[in-house]
Structure formats: structure tokens, C-alpha cells
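Q: I'm passing along query-v7.cif; it holds mmCIF, C-alpha atoms.
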data_model
loop_
_atom_site.label_atom_id
_atom_site.label_comp_id
_atom_site.auth_asym_id
_atom_site.auth_seq_id
_atom_site.Cartn_x
_atom_site.Cartn_y
_atom_site.Cartn_z
CA MET D 2 132.71 199.54 132.79
CA ILE D 3 135.75 199.99 135.02
CA ARG D 4 135.19 198.68 138.54
CA PRO D 5 135.85 201.09 141.42
CA GLY D 6 139.32 200.77 142.89
CA ARG D 7 140.91 199.34 139.72
CA ARG D 8 142.98 201.11 137.11
CA ARG D 9 143.08 200.27 133.48
CA ALA D 10 146.61 199.65 132.21
CA THR D 11 147.78 202.36 129.85
CA PRO D 12 150.56 202.26 127.23
CA ALA D 13 152.42 204.95 129.17
CA GLY D 14 152.18 202.89 132.35
CA ALA D 15 153.45 199.78 130.62
CA GLN D 16 156.33 201.77 129.16
CA ARG D 17 157.26 203.08 132.60
CA ARG D 18 157.27 199.54 133.98
CA ARG D 19 159.51 198.34 131.14
CA ARG D 20 161.86 201.28 131.72
CA ALA D 21 161.98 200.52 135.44
CA ARG D 22 162.91 196.90 134.70
CA ARG D 23 165.68 198.00 132.33
CA ASP D 24 167.05 200.44 134.90
CA ASP D 25 167.01 197.86 137.72
CA PRO D 26 170.70 197.41 138.72
CA THR D 27 170.18 193.81 139.87
CA ARG D 28 168.58 192.91 136.56
CA GLU D 29 171.48 194.48 134.68
CA ARG D 30 174.02 192.58 136.81
CA LEU D 31 172.23 189.33 136.04
CA LEU D 32 172.20 190.03 132.30
CA ARG D 33 175.88 190.96 132.35
CA ALA D 34 176.79 187.86 134.38
CA ALA D 35 174.81 185.62 132.04
CA ARG D 36 176.55 187.02 128.97
CA GLU D 37 180.00 186.68 130.56
CA LEU D 38 179.33 183.04 131.41
CA LEU D 39 177.94 182.47 127.91
CA GLU D 40 181.20 183.79 126.44
CA ARG D 41 183.28 181.59 128.75
CA GLY D 42 181.45 178.28 128.74
CA GLY D 43 178.41 178.47 126.51
CA TYR D 44 174.75 178.05 127.31
CA ALA D 45 175.10 174.66 128.97
CA GLY D 46 177.72 175.97 131.38
CA ALA D 47 175.72 179.02 132.44
CA SER D 48 173.62 177.52 135.23
CA VAL D 49 171.21 179.56 137.35
CA ALA D 50 173.47 179.07 140.38
CA ALA D 51 176.57 180.21 138.46
CA ILE D 52 174.81 183.29 137.08
CA ALA D 53 173.47 184.27 140.50
CA GLU D 54 176.89 183.80 142.12
CA ARG D 55 178.66 185.87 139.46
CA ALA D 56 176.05 188.63 139.80
CA GLY D 57 176.37 188.57 143.60
CA VAL D 58 172.73 187.68 144.27
CA SER D 59 170.75 184.64 145.36
CA ALA D 60 169.05 182.25 142.95
CA GLY D 61 165.76 183.48 144.40
CA ALA D 62 166.62 187.03 143.38
CA LEU D 63 167.29 185.83 139.84
CA TYR D 64 163.86 184.21 139.68
CA ARG D 65 162.25 187.41 140.92
CA HIS D 66 163.58 189.16 137.82
CA PHE D 67 163.32 186.29 135.31
CA PRO D 68 160.84 183.41 135.54
CA SER D 69 163.39 180.96 134.11
CA LYS D 70 166.92 180.60 132.79
CA ALA D 71 165.45 180.49 129.28
CA GLU D 72 163.72 183.85 129.68
CA LEU D 73 166.91 185.39 131.04
CA PHE D 74 168.82 184.17 128.01
CA VAL D 75 166.16 185.40 125.62
CA GLU D 76 167.11 188.89 126.85
CA VAL D 77 170.83 188.10 126.56
CA PHE D 78 170.44 186.75 123.00
CA ARG D 79 168.24 189.69 122.00
CA ALA D 80 170.77 192.25 123.22
CA ALA D 81 173.67 190.39 121.58
CA ALA D 82 171.78 190.14 118.30
CA ARG D 83 171.02 193.86 118.33
CA GLY D 84 174.70 194.58 118.82
CA GLU D 85 175.74 192.26 116.00
CA LEU D 86 173.20 193.66 113.55
CA ALA D 87 174.18 197.24 114.42
CA ALA D 88 177.86 196.42 113.82
CA LEU D 89 177.05 194.89 110.43
CA GLN D 90 174.93 197.89 109.44
CA GLU D 91 177.82 200.17 110.37
CA ALA D 92 180.23 198.07 108.27
CA ALA D 93 177.87 198.23 105.30
CA ALA D 94 177.49 201.99 105.64
CA ARG D 95 181.27 202.45 105.32
CA ALA D 96 181.52 200.41 102.10
CA ARG D 97 180.97 201.61 98.53
CA GLY D 98 178.60 199.97 96.07
CA SER D 99 176.11 197.18 96.62
CA VAL D 100 178.66 194.41 96.17
CA GLY D 101 181.09 196.23 98.44
CA ARG D 102 178.42 196.48 101.14
CA LEU D 103 177.61 192.80 100.76
CA GLU D 104 181.27 191.91 101.14
CA ALA D 105 181.59 194.15 104.19
CA VAL D 106 178.67 192.42 105.89
CA VAL D 107 179.92 188.91 105.10
CA ALA D 108 183.49 189.67 106.18
CA GLY D 109 182.30 191.58 109.25
CA TYR D 110 180.02 188.76 110.36
CA ALA D 111 182.73 186.12 109.92
CA ARG D 112 185.47 188.12 111.64
CA ARG D 113 183.28 189.08 114.59
CA ALA D 114 182.29 185.44 115.03
CA LEU D 115 185.90 184.23 114.82
CA HIS D 116 187.06 186.86 117.31
CA ASN D 117 184.54 185.69 119.93
CA ARG D 118 184.06 182.05 119.02
CA ARG D 119 182.36 180.83 122.18
CA LEU D 120 179.71 183.54 122.06
CA ALA D 121 179.16 183.05 118.32
CA TRP D 122 178.78 179.29 118.81
CA ALA D 123 176.14 179.88 121.49
CA LEU D 124 174.30 182.47 119.40
CA VAL D 125 174.15 180.36 116.25
CA HIS D 126 174.76 176.65 116.85
CA GLU D 127 174.68 175.45 120.45
CA PRO D 128 171.58 173.46 121.55
CA VAL D 129 169.38 175.73 123.69
CA ASP D 130 165.88 175.81 125.16
CA PRO D 131 163.04 176.26 122.62
CA LEU D 132 162.30 179.76 123.90
CA VAL D 133 165.90 180.83 123.27
CA ASP D 134 165.94 179.03 119.94
CA ALA D 135 162.95 181.13 118.83
CA GLU D 136 164.97 184.28 119.59
CA ARG D 137 167.89 182.84 117.64
CA LEU D 138 165.58 182.26 114.67
CA ALA D 139 164.37 185.87 114.88
CA TYR D 140 168.03 187.04 114.75
CA ARG D 141 168.73 184.87 111.71
CA ARG D 142 165.63 186.19 109.95
CA SER D 143 166.75 189.76 110.62
CA TYR D 144 170.16 188.96 109.18
CA CYS D 145 168.52 187.40 106.09
CA ARG D 146 166.29 190.45 105.62
CA GLY D 147 169.29 192.74 105.74
CA MET D 148 171.16 190.57 103.25
CA ALA D 149 168.13 190.49 100.94
CA ALA D 150 167.92 194.30 101.07
CA LEU D 151 171.55 194.54 99.94
CA LEU D 152 170.86 192.12 97.09
CA ARG D 153 167.84 194.15 95.97
CA GLU D 154 170.03 197.25 95.88
CA GLY D 155 172.57 195.42 93.74
CA ILE D 156 169.88 194.18 91.35
CA ALA D 157 168.39 197.66 91.02
CA ALA D 158 171.84 199.12 90.34
CA GLY D 159 172.59 196.52 87.69
CA GLU D 160 175.50 195.11 89.71
CA LEU D 161 173.82 191.73 90.29
CA PRO D 162 171.61 189.45 88.16
CA ASP D 163 167.87 189.54 88.76
CA GLU D 164 167.50 186.52 91.06
CA ASP D 165 165.08 186.12 93.98
CA PRO D 166 166.80 188.15 96.73
CA GLU D 167 165.09 186.38 99.64
CA LEU D 168 166.04 182.90 98.45
CA THR D 169 169.56 183.98 97.59
CA ALA D 170 169.98 185.68 100.97
CA ALA D 171 168.79 182.55 102.81
CA ALA D 172 171.22 180.39 100.82
CA ILE D 173 174.15 182.73 101.50
CA VAL D 174 173.39 183.02 105.23
CA GLY D 175 173.06 179.24 105.47
CA ALA D 176 176.37 178.74 103.70
CA ILE D 177 178.13 181.19 106.01
CA ALA D 178 176.71 179.50 109.11
CA GLU D 179 177.72 176.04 107.87
CA THR D 180 181.21 177.21 106.93
CA LEU D 181 181.77 178.51 110.45
CA VAL D 182 180.52 175.39 112.29
CA GLY D 183 183.96 173.78 112.45
CA PRO D 184 185.99 176.90 113.27
CA LEU D 185 183.52 177.98 115.99
CA SER D 186 182.92 174.60 117.60
CA PRO D 187 184.57 174.08 121.01
CA LEU D 188 185.40 170.56 119.75
CA GLY D 189 186.56 171.65 116.31
CA GLY D 190 190.31 171.40 116.90
CA GLU D 191 192.72 173.06 114.49
CA THR D 192 191.23 175.15 111.69
CA VAL D 193 192.57 177.14 108.77
CA PRO D 194 193.64 180.75 109.47
CA GLU D 195 190.97 183.42 109.84
CA ASP D 196 192.04 185.35 106.75
CA GLU D 197 191.72 182.22 104.60
CA ILE D 198 188.24 181.50 105.97
CA VAL D 199 187.07 185.04 105.26
CA ALA D 200 188.65 185.12 101.78
CA SER D 201 187.00 181.81 100.86
CA LEU D 202 183.62 183.01 102.10
CA LEU D 203 183.89 186.21 100.09
CA ARG D 204 184.79 184.33 96.90
CA PHE D 205 181.90 181.93 97.42
CA CYS D 206 179.40 184.71 98.15
CA ARG D 207 180.46 186.77 95.15
CA ARG D 208 179.98 183.77 92.88
CA GLY D 209 176.75 182.81 94.61
CA VAL D 210 175.12 186.18 94.01
CA GLY D 211 176.53 186.51 90.48
CA ALA D 212 178.81 189.48 91.14
CA ARG D 213 181.02 190.36 88.19
CA GLY D 214 184.79 189.95 88.37
CA THR D 215 186.85 189.14 91.45
CA ARG D 216 187.98 191.21 94.37
CA ALA D 217 190.47 190.71 97.16
CA ALA D 218 189.11 189.86 100.59
CA ARG D 219 188.33 192.83 102.79
CA ARG D 220 190.01 193.08 106.17
#
Output the file's structure in the form of C-alpha cells.

A:
Amino acid sequence: MIRPGRRRATPAGAQRRRRARRDDPTRERLLRAARELLERGGYAGASVAAIAERAGVSAGALYRHFPSKAELFVEVFRAAARGELAALQEAAARARGSVGRLEAVVAGYARRALHNRRLAWALVHEPVDPLVDAERLAYRRSYCRGMAALLREGIAAGELPDEDPELTAAAIVGAIAETLVGPLSPLGGETVPEDEIVASLLRFCRRGVGARGTRAARR
């Protein structure tokens, strides 16, 4: 029984509240400020005070929109991950053949990371709060699922050997992440040129998935 004077929450009502939060200009300024600071100085350098100052609001206003710094950055990481995955899907859609799509995703991921190294380091490697790390894990799983789907296509088309696509995808994604640790690290110093990194990754991935023949690195 519903008590007099109370309303039961409805899906439509919850959706309106979520839309209102997304359309809140202060909330959007905070998210934009947090991402800008993330790109400049990483997660550790993006303090609540610095985010609030950059957004032109008080720290209290930030906490009215986000219960904690971690919950703010969950939203930042989620939006960044959506953008990265969409860019990789677009790159795959432009390529021909299963192996070509796989190469496009690997090269696209590496080049996007190397073009915005501080953001990529924060998204993949930098120590963060557990709540943010859970969002990072969700992003990595999505990336692995997409890679596994490409491998299944290649197996079905006879372009790749019939190996477990999930395990192979996890191994490839792990290898890419490990390869980029040094180049992305703020403390990494001098690294080899971007084109050489991408070409080496493509050669490794082609061999790792059992693709036939060799192919020049995509740019």
C-alpha cells in the first residue's frame, strides 16, 4: 500500500532526474574542469580545490553535485572511455577484413594514447581510488570484448586460427598496455618514436593472433 502524501518513484521520473543532472551547467563545468586537470597533471594533481577553482565554483558546490572526488572521476573516466571506444569502433569500421580491423584498433588505440599521454596514463596506469579503478576495469573489459569480437570474425572468415578469442584478446590487450607503460609514464624519459612503437605493436599482434603474412604498419 502507498501511504498518503508519498509518491512511488517511476522509471520516467528517474530518467528525468538523470537528464536534469546531465543538463546542469555547474555539473558540466565541474566535469570539464576535472578532465582538463587530469590531462595536465593526472589524477593525483586534480584536487577538489583545484577542480572547484577551475570550474569557478566553491568546494561546497562540488560536493553538492558529487559526494566525493572519486565519484566525480568515475563520471570523467566513464565519459573518456566512451569516447575512446567510439573512436576505435569508427577506426574498425573504416578498415577492410578482420585482420585489417584488428590492426586499425591496435594502431588507433596506441596512437590516441601517445597523442594524449597524460590522459592515457591516468586512464590506464595511474594509481586511483578503488571506485575509479572499478570504472577503469569496466573500460578494459569493454575493450577486451571488442577485441574478442574482431577475433571471432577473423576465425569465422578463415583469416585466423581457431584459438580462444577471449583469452587471446586479454593477452593482446595486456601486451599493448604493458608496451605503452614506459612511453606514457610521466617519469619515462626518452622513448622510441611513435611510428616505431605502433609498427612493433602491429607486428606482435599479428603474430600473436596467428595472422598470415606480414603487413606494413597503418598510420

Q: May I have the protein, DNA and RNA residues with an atom at most 12 Å from (179.3, 185.3, 114.5), counting all atoms listed in the file in the file's coordinates, returned as a count of residues only?

A: 41

Q: For a quick check of understanding, using only C-alpha atoms, which of D:Ala53, D:Ala170, D:Leu39, D:Ala200 has the smallest distance to Arg65 in chain D?

A: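 The shortest atom-to-atom distance to Arg65 in chain D comes from D:Ala53.
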
Q: Between CA of Arg79 in chain D and CA of Ala93 in chain D, what is the distance, to one decimal in Å?

A: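 So the two atoms, CA of Arg79 in chain D and CA of Ala93 in chain D, lie 21.1 Å apart.
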
Q: If I take CA of Leu132 in chain D and CA of Ala149 in chain D, how far is one from the other in Å, to one decimal?

A: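 So the two atoms, CA of Leu132 in chain D and CA of Ala149 in chain D, lie 26.0 Å apart.
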
Q: Can you tell me, as a VMD selection string, what residues are no more than 12 Å from range 96-102 of chain D when counting only C-alpha atoms, ignoring any on the same chain fewer than 3 positions away?

A: chain D and resid 89 to 93 105 to 109 147 to 162 203 to 204 206 to 220

Q: Quick one, how far is CA of Pro131 in chain D from CA of Ser48 in chain D?

A: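 Separation between CA of Pro131 in chain D and CA of Ser48 in chain D: 16.5 Å.
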
Q: From the list D:Ala56, D:His66, D:Ala47, D:Asp165, which residue is nearest Asp25 in chain D when using all atoms listed in the file?

A: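 Closest to Asp25 in chain D, using all atoms listed in the file: D:His66.
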
Q: Using all atoms listed in the file, can you tell me which of D:Arg137, D:Arg28, D:Arg83, D:Lys70 comes closest to Ala50 in chain D?

A: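 Counting all atoms listed in the file, the residue closest to Ala50 in chain D is D:Lys70.
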
Q: For each of D:Val49, D:Ile198, D:Leu188, D:Ala35, take the minimum atom-to-atom distance to Leu63 in chain D, counting all atoms listed in the file, then give the residue where this is smallest.

A: D:Val49

Q: Using only C-alpha atoms and a cutoff of 12 Å, can you tell me which residues are near (175.3, 192.1, 135.4) in the file's coordinates, and write them out as a ChimeraX atom specification?

A: /D:23-38,52-58,63,73,77
